Amino acid sequence: MQPQEEKQLEASVDAIISRVADLKSSLAAFILKLENEFERMNWPSVLDNFALVSGQLNTLNKLLRNEKTPLLRNQVIIPLLLSPDRDDELMKLTEGRVPVFSHEVVPDHLRTKPDPEVEEQEKQLSTEAARLAPDVAQKHIQSLNKMCSNLLDKLNNTREERESESGASRQNKQTFNPADTNALLAAIGFGKGLSKPIRPTPQGGPVSSGQPVPGASLQGGPNIAQVSIQSGSNQQGMQGQVPPQQGQPGKMPSTIKTNIKSASMHPYQR
Amino acid sequence: MEAPPVTVLPVIGGTINMMEYILQGSVLDQSLESLLHRLRGLCDNMEPETFVDHELVFLLKAQQGSPFILRARRSVDKPGLPWHLRYLGQPEIGDKNRSALVRNCVDIATSDGLTEFLIEMGFRMDHEFVVKGHVFRKGIMKIVVSKIFRILLPGNIDNVEPLSLSYLVELNVVAPPGQDAVSDDMKSFSEQLKPLVHLEKIDPKRLHQV
């Protein structure tokens, strides 16, 4: 055998061994799970295990189909020496499952021919397939393809419908209102929507700074305070005119500004 | 009259300027129960803590620039607790990818004479409101679900009406500056509250345009 082919063969056999070992371990884990925890198992976790096993089988198949894999079909395994003695090397290699490389073990492990019943069935199927005319066979193939695609479409459609349905039903139960968020934050941020307090007249001169600087955030706030300092006698009137009914934030400024204009004629106004 | 940004301030003496990282959202009244259940499950195990606070916001008008704002809060349901005075700076404009709003924050506990003191200093009370709600904690994160009440007659705490049909939900962390990893933790926590509440960083300047 060419050395390159030898190397390839060895590499692919190693890869196959590792994949099969993975498969074996996941199957063993699955069986353990089923035996010990079957009361607590639920369908999705069983599906997960099946998916894992199927994935591993897939990778194994891909590996076998890989173009780098030499045709294993062309290799033949011949037992060279059979002995009824225990073989420790073999024990180690097979994890204790095959203690003896003897006449009973070899036919089972090195078998390549399928069982007689299986062979019979296969022969039947192949004669039947040969009997079919090629165009009939083609028609069969086409109908099979069509049925498969129909089924796939149906499955995909129901999945999409289900997702849109659940999305729609969730939309109906709105659990928060973004407008409310903004209103609340405006209220605690700069007092929008909260009734502005009327400060009682202080004893000394004007306490707050001179010019009312109307920042956008203080819509009419400072103006009220200014006016209340200077128009002490009008205080009662002001209180009545500041309506506490601010149902919507933002309605406040208009009502208050008009009040200010009427009340702000005071000799001491700065 | 804003405090200069943290990067400019030297660290003098023992005070370190803390930053508050905050994410805000709201939840409608009818969904409050499910939110509280979820928070009780997600957050640290402790007795559910409710609070009723009365907050007064004081302004100091400057000749130019925006006014200086201080917030004084006192507990209504737990008398005997000190007043809490808080300064919150402008949100730091930094990394757009940072998921939380970051602003400078200074918190002080004070005695009962706070309002008189502030008025003597020249502050003027701009507005006040009552906050009632629940507090949850998870590690260093604090989650506050509260309802804001408008005070109808100034000075009268009992006569209040709710401001809206929603509860305000705030997730905040107070930490030394520079710890941006905190905002990633906050983001992952806020993901767990979806779709009940969407916690996001809401720029206060945007609210002015509402």
# chains A, B, ... in the order shown; residues from 1 in each chain; ligands from 1
>>> interface_residues(of="chain B", to="chain A", cutoff="6 Å", atoms="only C-alpha atoms", output="PyMOL selection string")
chain B and resi 25-28+31+127+150+154+196+207
>>> write_last_selection(atoms="all heavy atoms", output="mmCIF file, in the first residue's frame")
data_model
loop_
_atom_site.group_PDB
_atom_site.id
_atom_site.type_symbol
_atom_site.label_atom_id
_atom_site.label_comp_id
_atom_site.auth_asym_id
_atom_site.auth_seq_id
_atom_site.Cartn_x
_atom_site.Cartn_y
_atom_site.Cartn_z
ATOM 1 N N GLY B 25 -38.133 53.211 33.378
ATOM 2 C CA GLY B 25 -39.240 52.737 32.545
ATOM 3 C C GLY B 25 -40.502 52.878 33.359
ATOM 4 O O GLY B 25 -40.500 53.423 34.455
ATOM 5 N N SER B 26 -41.598 52.373 32.813
ATOM 6 C CA SER B 26 -42.819 52.430 33.612
ATOM 7 C C SER B 26 -43.647 51.198 33.339
ATOM 8 O O SER B 26 -43.439 50.485 32.349
ATOM 9 C CB SER B 26 -43.623 53.687 33.284
ATOM 10 O OG SER B 26 -44.278 53.517 32.054
ATOM 11 N N VAL B 27 -44.583 50.934 34.240
ATOM 12 C CA VAL B 27 -45.468 49.795 34.086
ATOM 13 C C VAL B 27 -46.873 50.230 34.463
ATOM 14 O O VAL B 27 -47.060 50.997 35.403
ATOM 15 C CB VAL B 27 -44.970 48.612 34.967
ATOM 16 C CG1 VAL B 27 -45.150 48.886 36.448
ATOM 17 C CG2 VAL B 27 -45.674 47.349 34.600
ATOM 18 N N LEU B 28 -47.849 49.751 33.714
ATOM 19 C CA LEU B 28 -49.228 50.135 33.999
ATOM 20 C C LEU B 28 -49.702 49.489 35.295
ATOM 21 O O LEU B 28 -49.212 48.432 35.682
ATOM 22 C CB LEU B 28 -50.135 49.685 32.848
ATOM 23 C CG LEU B 28 -49.910 50.412 31.524
ATOM 24 C CD1 LEU B 28 -50.671 49.726 30.424
ATOM 25 C CD2 LEU B 28 -50.361 51.844 31.632
ATOM 26 N N SER B 31 -50.503 45.785 35.495
ATOM 27 C CA SER B 31 -49.419 44.808 35.393
ATOM 28 C C SER B 31 -48.453 44.906 36.551
ATOM 29 O O SER B 31 -47.416 44.251 36.556
ATOM 30 C CB SER B 31 -48.644 45.029 34.096
ATOM 31 O OG SER B 31 -49.534 45.186 33.035
ATOM 32 N N HIS B 127 -41.066 72.559 43.179
ATOM 33 C CA HIS B 127 -42.242 71.702 43.184
ATOM 34 C C HIS B 127 -42.027 70.600 44.206
ATOM 35 O O HIS B 127 -40.917 70.365 44.679
ATOM 36 C CB HIS B 127 -42.498 71.085 41.800
ATOM 37 C CG HIS B 127 -41.343 70.308 41.260
ATOM 38 N ND1 HIS B 127 -40.355 70.874 40.498
ATOM 39 C CD2 HIS B 127 -41.031 69.006 41.365
ATOM 40 C CE1 HIS B 127 -39.476 69.958 40.157
ATOM 41 N NE2 HIS B 127 -39.856 68.804 40.670
ATOM 42 N N ARG B 150 -49.428 63.766 42.981
ATOM 43 C CA ARG B 150 -49.399 65.216 42.952
ATOM 44 C C ARG B 150 -50.027 65.729 44.234
ATOM 45 O O ARG B 150 -51.049 65.205 44.685
ATOM 46 C CB ARG B 150 -50.219 65.685 41.749
ATOM 47 C CG ARG B 150 -50.153 67.153 41.496
ATOM 48 C CD ARG B 150 -51.207 67.532 40.526
ATOM 49 N NE ARG B 150 -50.945 66.963 39.235
ATOM 50 C CZ ARG B 150 -51.868 66.402 38.466
ATOM 51 N NH1 ARG B 150 -53.104 66.320 38.867
ATOM 52 N NH2 ARG B 150 -51.560 65.932 37.295
ATOM 53 N N PRO B 154 -50.791 72.743 48.757
ATOM 54 C CA PRO B 154 -49.408 72.769 49.231
ATOM 55 C C PRO B 154 -49.344 72.664 50.746
ATOM 56 O O PRO B 154 -50.078 73.337 51.451
ATOM 57 C CB PRO B 154 -48.889 74.142 48.779
ATOM 58 C CG PRO B 154 -49.963 74.780 48.039
ATOM 59 C CD PRO B 154 -51.173 73.929 48.011
ATOM 60 N N LEU B 196 -42.364 42.909 30.283
ATOM 61 C CA LEU B 196 -43.234 43.638 31.204
ATOM 62 C C LEU B 196 -42.892 45.117 31.215
ATOM 63 O O LEU B 196 -43.748 45.985 31.144
ATOM 64 C CB LEU B 196 -43.049 43.102 32.619
ATOM 65 C CG LEU B 196 -43.862 41.871 33.017
ATOM 66 C CD1 LEU B 196 -43.536 41.526 34.446
ATOM 67 C CD2 LEU B 196 -45.332 42.173 32.893
ATOM 68 N N LEU B 207 -37.141 65.140 27.268
ATOM 69 C CA LEU B 207 -38.441 65.278 27.894
ATOM 70 C C LEU B 207 -38.933 66.718 27.832
ATOM 71 O O LEU B 207 -40.111 66.975 27.934
ATOM 72 C CB LEU B 207 -38.366 64.840 29.351
ATOM 73 C CG LEU B 207 -38.019 63.378 29.543
ATOM 74 C CD1 LEU B 207 -37.799 63.106 31.004
ATOM 75 C CD2 LEU B 207 -39.155 62.523 29.034
#
>>> residues_around(residues="range 47-49 of chain A", least_positions_apart="4", cutoff="8 Å", atoms="only C-alpha atoms", output="ChimeraX atom specification")
/A:26,30,43,53
>>> residues_around(residues="Trp83 in chain B", least_positions_apart="4", cutoff="12 Å", atoms="only C-alpha atoms", output="PDB file with C-alpha atoms, in the first residue's frame")
ATOM      1  CA  ASP B  53     -41.614  59.647  50.661  1.00  0.00           C
ATOM      2  CA  HIS B  54     -42.246  63.329  50.233  1.00  0.00           C
ATOM      3  CA  GLU B  55     -39.801  65.028  47.938  1.00  0.00           C
ATOM      4  CA  LEU B  56     -39.275  68.746  47.579  1.00  0.00           C
ATOM      5  CA  ARG B  71     -33.756  67.507  45.962  1.00  0.00           C
ATOM      6  CA  ALA B  72     -34.823  67.041  49.574  1.00  0.00           C
ATOM      7  CA  ARG B  73     -36.666  63.895  50.487  1.00  0.00           C
ATOM      8  CA  ARG B  74     -38.182  62.845  53.745  1.00  0.00           C
ATOM      9  CA  SER B  75     -39.911  59.665  54.773  1.00  0.00           C
ATOM     10  CA  VAL B  76     -43.613  59.985  55.556  1.00  0.00           C
ATOM     11  CA  LYS B  78     -41.087  56.083  58.859  1.00  0.00           C
ATOM     12  CA  PRO B  79     -40.739  59.139  61.040  1.00  0.00           C
ATOM     13  CA  ASP B 107     -26.182  62.227  48.602  1.00  0.00           C
ATOM     14  CA  ILE B 108     -26.256  63.657  52.112  1.00  0.00           C
ATOM     15  CA  ALA B 109     -28.349  62.876  55.149  1.00  0.00           C
ATOM     16  CA  THR B 110     -29.512  65.936  57.017  1.00  0.00           C
ATOM     17  CA  SER B 111     -31.513  66.911  60.044  1.00  0.00           C
ATOM     18  CA  ASP B 112     -35.054  68.219  60.057  1.00  0.00           C
ATOM     19  CA  GLY B 113     -34.279  71.879  59.552  1.00  0.00           C
ATOM     20  CA  LEU B 114     -33.364  71.357  55.922  1.00  0.00           C
ATOM     21  CA  THR B 115     -36.130  73.302  54.232  1.00  0.00           C
TER      22      THR B 115
END
>>> atom_distance(atom1="CA of Ile143 in chain B", atom2="CA of Leu81 in chain B")
20.4 Å
>>> atom_distance(atom1="CA of Lys132 in chain B", atom2="CA of Val52 in chain B")
4.4 Å
>>> residues_around(residues="Leu23 in chain B", least_positions_apart="6", cutoff="8 Å", atoms="only C-alpha atoms", output="PyMOL selection string")
chain B and resi 100-101+170-172+186+199-202
>>> select_by_dssp(residues="range 7-182 of chain A", states="helix (DSSP H, G or I)", output="JSON, numbers by chain")
{"A": [7, 8, 9, 10, 11, 12, 13, 14, 15, 16, 17, 18, 19, 20, 21, 22, 23, 24, 25, 26, 27, 28, 29, 30, 31, 32, 33, 34, 35, 36, 37, 43, 44, 45, 46, 47, 48, 49, 50, 51, 52, 53, 54, 55, 56, 57, 58, 59, 60, 61, 62, 63, 64, 65, 72, 73, 74, 88, 89, 90, 91, 92, 93, 105, 106, 107, 108, 109, 116, 117, 118, 119, 120, 121, 122, 123, 124, 125, 126, 127, 128, 129, 130, 131, 134, 135, 136, 137, 138, 139, 140, 141, 142, 143, 144, 145, 146, 147, 148, 149, 150, 151, 152, 153, 154, 155, 156, 157, 158, 159, 160, 161, 162, 163, 164, 165, 166, 167, 168, 169, 170, 171, 172, 178, 179, 180, 181, 182]}
>>> residues_around(residues="Asp88 in chain A", least_positions_apart="5", cutoff="10 Å", atoms="only C-alpha atoms", output="ChimeraX atom specification")
/A:93-94,96,98-100
>>> write_last_selection(atoms="all heavy atoms", output="PDB file, in the first residue's frame")
ATOM      1  N   LEU A  93      -8.269  -2.155  25.108  1.00  0.00           N
ATOM      2  CA  LEU A  93      -8.743  -1.457  23.909  1.00  0.00           C
ATOM      3  C   LEU A  93     -10.260  -1.363  23.875  1.00  0.00           C
ATOM      4  O   LEU A  93     -10.823  -0.367  23.453  1.00  0.00           O
ATOM      5  CB  LEU A  93      -8.271  -2.197  22.649  1.00  0.00           C
ATOM      6  CG  LEU A  93      -6.871  -1.842  22.151  1.00  0.00           C
ATOM      7  CD1 LEU A  93      -6.554  -2.712  20.950  1.00  0.00           C
ATOM      8  CD2 LEU A  93      -6.799  -0.388  21.773  1.00  0.00           C
ATOM      9  N   THR A  94     -10.915  -2.465  24.298  1.00  0.00           N
ATOM     10  CA  THR A  94     -12.373  -2.494  24.173  1.00  0.00           C
ATOM     11  C   THR A  94     -13.068  -2.138  25.474  1.00  0.00           C
ATOM     12  O   THR A  94     -14.246  -2.411  25.638  1.00  0.00           O
ATOM     13  CB  THR A  94     -12.844  -3.883  23.733  1.00  0.00           C
ATOM     14  OG1 THR A  94     -12.374  -4.828  24.698  1.00  0.00           O
ATOM     15  CG2 THR A  94     -12.306  -4.222  22.377  1.00  0.00           C
ATOM     16  N   GLY A  96     -12.937  -3.515  28.320  1.00  0.00           N
ATOM     17  CA  GLY A  96     -13.369  -4.678  29.085  1.00  0.00           C
ATOM     18  C   GLY A  96     -14.507  -5.465  28.496  1.00  0.00           C
ATOM     19  O   GLY A  96     -15.045  -6.361  29.136  1.00  0.00           O
ATOM     20  N   VAL A  98     -14.460  -7.144  25.412  1.00  0.00           N
ATOM     21  CA  VAL A  98     -14.053  -8.334  24.641  1.00  0.00           C
ATOM     22  C   VAL A  98     -12.816  -8.893  25.318  1.00  0.00           C
ATOM     23  O   VAL A  98     -11.710  -8.420  25.081  1.00  0.00           O
ATOM     24  CB  VAL A  98     -13.734  -7.975  23.179  1.00  0.00           C
ATOM     25  CG1 VAL A  98     -13.431  -9.229  22.395  1.00  0.00           C
ATOM     26  CG2 VAL A  98     -14.898  -7.230  22.560  1.00  0.00           C
ATOM     27  N   PRO A  99     -12.950  -9.883  26.164  1.00  0.00           N
ATOM     28  CA  PRO A  99     -11.783 -10.394  26.891  1.00  0.00           C
ATOM     29  C   PRO A  99     -10.947 -11.359  26.065  1.00  0.00           C
ATOM     30  O   PRO A  99      -9.753 -11.505  26.285  1.00  0.00           O
ATOM     31  CB  PRO A  99     -12.391 -11.081  28.113  1.00  0.00           C
ATOM     32  CG  PRO A  99     -13.775 -11.455  27.694  1.00  0.00           C
ATOM     33  CD  PRO A  99     -14.204 -10.518  26.625  1.00  0.00           C
ATOM     34  N   VAL A 100     -11.592 -12.048  25.137  1.00  0.00           N
ATOM     35  CA  VAL A 100     -10.903 -13.136  24.433  1.00  0.00           C
ATOM     36  C   VAL A 100     -11.112 -12.993  22.937  1.00  0.00           C
ATOM     37  O   VAL A 100     -12.234 -12.754  22.484  1.00  0.00           O
ATOM     38  CB  VAL A 100     -11.474 -14.496  24.901  1.00  0.00           C
ATOM     39  CG1 VAL A 100     -10.713 -15.617  24.262  1.00  0.00           C
ATOM     40  CG2 VAL A 100     -11.430 -14.595  26.415  1.00  0.00           C
TER      41      VAL A 100
END
>>> residues_around(residues="Ala129 in chain A", least_positions_apart="6", cutoff="12 Å", atoms="only C-alpha atoms", output="list in words")
Glu122, Lys123, Val136, Ala137, Gln138 and His140 of chain A
>>> write_last_selection(atoms="C-alpha atoms", output="compact mmCIF listing (two decimals), in the first residue's frame")
# COMPACT_ATOMS: atom_id res chain seq x y z
CA GLU A 122 -32.85 -6.96 -0.01
CA LYS A 123 -32.82 -9.37 -2.96
CA VAL A 136 -42.74 4.64 -14.16
CA ALA A 137 -39.85 4.89 -11.77
CA GLN A 138 -39.39 8.54 -12.69
CA HIS A 140 -42.78 7.60 -8.62
>>> select_by_dssp(residues="range 82-194 of chain B", states="strand (DSSP E or B)", output="CSV table (one decimal) with N, CA and C atoms, in the first residue's frame")
chain,number,residue,atom,x,y,z
B,83,TRP,N,-33.6,63.4,56.8
B,83,TRP,CA,-33.9,63.9,55.5
B,83,TRP,C,-32.7,63.5,54.6
B,84,HIS,N,-33.1,63.4,53.3
B,84,HIS,CA,-32.0,63.0,52.4
B,84,HIS,C,-31.9,64.1,51.3
B,85,LEU,N,-30.8,64.7,51.2
B,85,LEU,CA,-30.5,65.8,50.3
B,85,LEU,C,-29.7,65.2,49.1
B,86,ARG,N,-30.1,65.5,47.9
B,86,ARG,CA,-29.4,64.9,46.8
B,86,ARG,C,-29.2,65.9,45.7
B,87,TYR,N,-28.0,65.9,45.1
B,87,TYR,CA,-27.8,66.7,44.0
B,87,TYR,C,-27.5,65.7,42.8
B,88,LEU,N,-28.2,66.0,41.7
B,88,LEU,CA,-28.0,65.2,40.5
B,88,LEU,C,-27.5,66.1,39.4
B,89,GLY,N,-26.3,65.7,38.8
B,89,GLY,CA,-25.8,66.5,37.7
B,89,GLY,C,-26.4,66.2,36.4
B,90,GLN,N,-25.9,66.9,35.4
B,90,GLN,CA,-26.4,66.6,34.0
B,90,GLN,C,-25.8,65.3,33.6
B,91,PRO,N,-26.6,64.6,32.7
B,91,PRO,CA,-26.1,63.3,32.3
B,91,PRO,C,-24.8,63.4,31.5
B,101,LEU,N,-27.9,55.7,31.8
B,101,LEU,CA,-27.7,57.1,31.9
B,101,LEU,C,-26.7,57.3,33.1
B,102,VAL,N,-25.7,58.1,32.9
B,102,VAL,CA,-24.8,58.3,34.0
B,102,VAL,C,-24.8,59.8,34.4
B,103,ARG,N,-24.9,60.1,35.7
B,103,ARG,CA,-24.9,61.4,36.1
B,103,ARG,C,-24.2,61.5,37.4
B,104,ASN,N,-23.6,62.7,37.7
B,104,ASN,CA,-23.0,62.9,38.9
B,104,ASN,C,-24.0,62.9,40.0
B,105,CYS,N,-23.7,62.4,41.2
B,105,CYS,CA,-24.7,62.4,42.2
B,105,CYS,C,-24.0,62.6,43.6
B,106,VAL,N,-24.6,63.4,44.4
B,106,VAL,CA,-24.1,63.6,45.8
B,106,VAL,C,-25.2,63.4,46.7
B,107,ASP,N,-25.1,62.5,47.7
B,107,ASP,CA,-26.2,62.2,48.6
B,107,ASP,C,-25.8,62.6,50.0
B,108,ILE,N,-26.6,63.3,50.7
B,108,ILE,CA,-26.3,63.7,52.1
B,108,ILE,C,-27.5,63.4,53.0
B,109,ALA,N,-27.2,62.9,54.2
B,109,ALA,CA,-28.3,62.9,55.1
B,109,ALA,C,-28.3,64.1,56.0
B,110,THR,N,-29.5,64.7,56.2
B,110,THR,CA,-29.5,65.9,57.0
B,110,THR,C,-30.6,65.8,58.1
B,124,ARG,N,-35.3,78.3,46.4
B,124,ARG,CA,-36.7,78.4,46.3
B,124,ARG,C,-37.3,77.1,46.0
B,125,MET,N,-38.4,76.7,46.7
B,125,MET,CA,-39.0,75.4,46.4
B,125,MET,C,-39.7,75.5,45.0
B,126,ASP,N,-39.4,74.6,44.1
B,126,ASP,CA,-40.0,74.7,42.8
B,126,ASP,C,-41.2,73.8,42.8
B,127,HIS,N,-41.1,72.6,43.2
B,127,HIS,CA,-42.2,71.7,43.2
B,127,HIS,C,-42.0,70.6,44.2
B,128,GLU,N,-43.1,69.9,44.6
B,128,GLU,CA,-43.0,68.8,45.5
B,128,GLU,C,-44.0,67.7,45.1
B,129,PHE,N,-43.7,66.5,45.5
B,129,PHE,CA,-44.6,65.4,45.2
B,129,PHE,C,-44.4,64.3,46.2
B,130,VAL,N,-45.3,63.4,46.2
B,130,VAL,CA,-45.2,62.3,47.1
B,130,VAL,C,-44.9,61.0,46.3
B,131,VAL,N,-44.1,60.2,46.8
B,131,VAL,CA,-43.7,59.0,46.1
B,131,VAL,C,-44.1,57.8,47.0
B,132,LYS,N,-44.8,56.8,46.4
B,132,LYS,CA,-45.1,55.7,47.2
B,132,LYS,C,-44.7,54.5,46.4
B,133,GLY,N,-44.0,53.5,47.0
B,133,GLY,CA,-43.7,52.4,46.2
B,133,GLY,C,-42.9,51.3,46.9
B,134,HIS,N,-42.2,50.5,46.2
B,134,HIS,CA,-41.5,49.4,46.7
B,134,HIS,C,-40.1,49.5,46.3
B,135,VAL,N,-39.2,48.9,47.1
B,135,VAL,CA,-37.8,49.0,46.8
B,135,VAL,C,-37.3,47.5,46.8
B,136,PHE,N,-36.5,47.2,45.8
B,136,PHE,CA,-35.8,45.9,45.7
B,136,PHE,C,-34.4,46.1,45.5
B,137,ARG,N,-33.6,45.1,45.9
B,137,ARG,CA,-32.1,45.2,45.8
B,137,ARG,C,-31.6,44.0,45.2
B,138,LYS,N,-30.6,44.2,44.3
B,138,LYS,CA,-29.9,43.0,43.8
B,138,LYS,C,-28.4,43.4,43.8
B,141,MET,N,-27.3,46.9,42.8
B,141,MET,CA,-28.4,47.5,42.0
B,141,MET,C,-29.6,47.7,42.9
B,142,LYS,N,-30.3,48.8,42.7
B,142,LYS,CA,-31.5,49.1,43.5
B,142,LYS,C,-32.6,49.3,42.5
B,143,ILE,N,-33.7,48.6,42.7
B,143,ILE,CA,-34.9,48.8,41.8
B,143,ILE,C,-36.0,49.4,42.6
B,144,VAL,N,-36.5,50.5,42.1
B,144,VAL,CA,-37.6,51.2,42.8
B,144,VAL,C,-38.8,51.2,41.9
B,145,VAL,N,-39.9,50.7,42.4
B,145,VAL,CA,-41.2,50.7,41.6
B,145,VAL,C,-42.1,51.7,42.4
B,146,SER,N,-42.4,52.8,41.8
B,146,SER,CA,-43.1,53.8,42.7
B,146,SER,C,-44.1,54.5,41.9
B,147,LYS,N,-45.1,55.1,42.6
B,147,LYS,CA,-46.2,55.9,42.0
B,147,LYS,C,-46.0,57.3,42.5
B,148,ILE,N,-46.1,58.2,41.5
B,148,ILE,CA,-45.9,59.6,41.9
B,148,ILE,C,-47.2,60.2,42.1
B,149,PHE,N,-47.4,61.0,43.2
B,149,PHE,CA,-48.6,61.6,43.5
B,149,PHE,C,-48.4,63.1,43.5
B,150,ARG,N,-49.4,63.8,43.0
B,150,ARG,CA,-49.4,65.2,43.0
B,150,ARG,C,-50.0,65.7,44.2
B,151,ILE,N,-49.4,66.7,44.8
B,151,ILE,CA,-50.0,67.3,46.0
B,151,ILE,C,-50.9,68.4,45.6
B,160,VAL,N,-53.6,63.9,48.2
B,160,VAL,CA,-52.8,63.7,47.0
B,160,VAL,C,-53.6,62.9,45.9
B,161,GLU,N,-53.2,63.1,44.7
B,161,GLU,CA,-53.8,62.3,43.7
B,161,GLU,C,-52.7,61.8,42.8
B,162,PRO,N,-52.9,60.6,42.2
B,162,PRO,CA,-51.9,60.0,41.4
B,162,PRO,C,-51.7,60.8,40.1
B,166,SER,N,-49.7,54.8,35.8
B,166,SER,CA,-48.5,53.9,35.7
B,166,SER,C,-47.6,54.1,36.9
B,167,TYR,N,-46.9,53.0,37.2
B,167,TYR,CA,-45.8,53.1,38.2
B,167,TYR,C,-44.5,53.4,37.5
B,168,LEU,N,-43.7,54.2,38.1
B,168,LEU,CA,-42.4,54.4,37.5
B,168,LEU,C,-41.4,53.4,38.0
B,169,VAL,N,-40.6,52.8,37.1
B,169,VAL,CA,-39.7,51.8,37.5
B,169,VAL,C,-38.3,52.3,37.2
B,170,GLU,N,-37.5,52.3,38.3
B,170,GLU,CA,-36.1,52.8,38.1
B,170,GLU,C,-35.1,51.8,38.6
B,171,LEU,N,-34.1,51.6,37.8
B,171,LEU,CA,-33.0,50.7,38.2
B,171,LEU,C,-31.8,51.6,38.3
B,172,ASN,N,-31.2,51.7,39.5
B,172,ASN,CA,-30.0,52.6,39.6
B,172,ASN,C,-29.0,52.0,40.5
B,173,VAL,N,-27.8,52.4,40.2
B,173,VAL,CA,-26.6,52.0,40.9
B,173,VAL,C,-25.8,53.3,41.2
B,174,VAL,N,-25.3,53.4,42.5
B,174,VAL,CA,-24.4,54.5,42.8
B,174,VAL,C,-23.0,54.0,42.9
B,175,ALA,N,-22.1,54.4,42.1
B,175,ALA,CA,-20.8,53.8,42.1
B,175,ALA,C,-19.8,54.9,41.8
>>> closest_residue(among="B:Leu42, B:Ile157, B:Leu60, B:Asp29", to="Asp77 in chain B", atoms="only C-alpha atoms")
B:Ile157
>>> atom_distance(atom1="CA of Ser54 in chain A", atom2="CA of Ala28 in chain A")
14.2 Å
>>> decode(residues="range 138-177 of chain A", atoms="C-alpha atoms", output="short mmCIF file (atom, residue, chain, number, x, y, z; two decimals), in the first residue's frame")
data_model
loop_
_atom_site.label_atom_id
_atom_site.label_comp_id
_atom_site.auth_asym_id
_atom_site.auth_seq_id
_atom_site.Cartn_x
_atom_site.Cartn_y
_atom_site.Cartn_z
CA GLN A 138 -39.39 8.54 -12.69
CA LYS A 139 -43.07 9.25 -12.02
CA HIS A 140 -42.78 7.60 -8.62
CA ILE A 141 -39.80 9.75 -7.81
CA GLN A 142 -41.59 12.92 -8.82
CA SER A 143 -44.68 12.19 -6.77
CA LEU A 144 -42.52 11.44 -3.74
CA ASN A 145 -40.71 14.75 -4.12
CA LYS A 146 -43.98 16.63 -4.45
CA MET A 147 -45.45 15.06 -1.33
CA CYS A 148 -42.32 15.89 0.66
CA SER A 149 -42.34 19.51 -0.40
CA ASN A 150 -46.06 19.84 0.37
CA LEU A 151 -45.50 18.51 3.82
CA LEU A 152 -42.58 20.86 4.42
CA ASP A 153 -44.61 23.86 3.28
CA LYS A 154 -47.47 22.95 5.55
CA LEU A 155 -45.17 22.61 8.53
CA ASN A 156 -43.42 25.91 7.87
CA ASN A 157 -46.68 27.77 7.39
CA THR A 158 -48.17 26.58 10.65
CA ARG A 159 -45.03 27.60 12.47
CA GLU A 160 -45.17 31.11 11.04
CA GLU A 161 -48.85 31.43 11.82
CA ARG A 162 -48.33 30.28 15.36
CA GLU A 163 -45.54 32.81 15.92
CA SER A 164 -47.47 35.73 14.50
CA GLU A 165 -50.49 34.74 16.59
CA SER A 166 -48.56 34.67 19.81
CA GLY A 167 -46.94 37.98 18.92
CA ALA A 168 -50.32 39.55 18.27
CA SER A 169 -51.82 38.27 21.50
CA ARG A 170 -48.89 39.66 23.41
CA GLN A 171 -49.37 43.03 21.75
CA ASN A 172 -52.85 43.30 23.12
CA LYS A 173 -51.72 43.07 26.69
CA GLN A 174 -49.59 46.16 26.78
CA THR A 175 -47.96 46.24 30.15
CA PHE A 176 -46.47 49.68 29.92
CA ASN A 177 -47.19 52.92 28.25
#
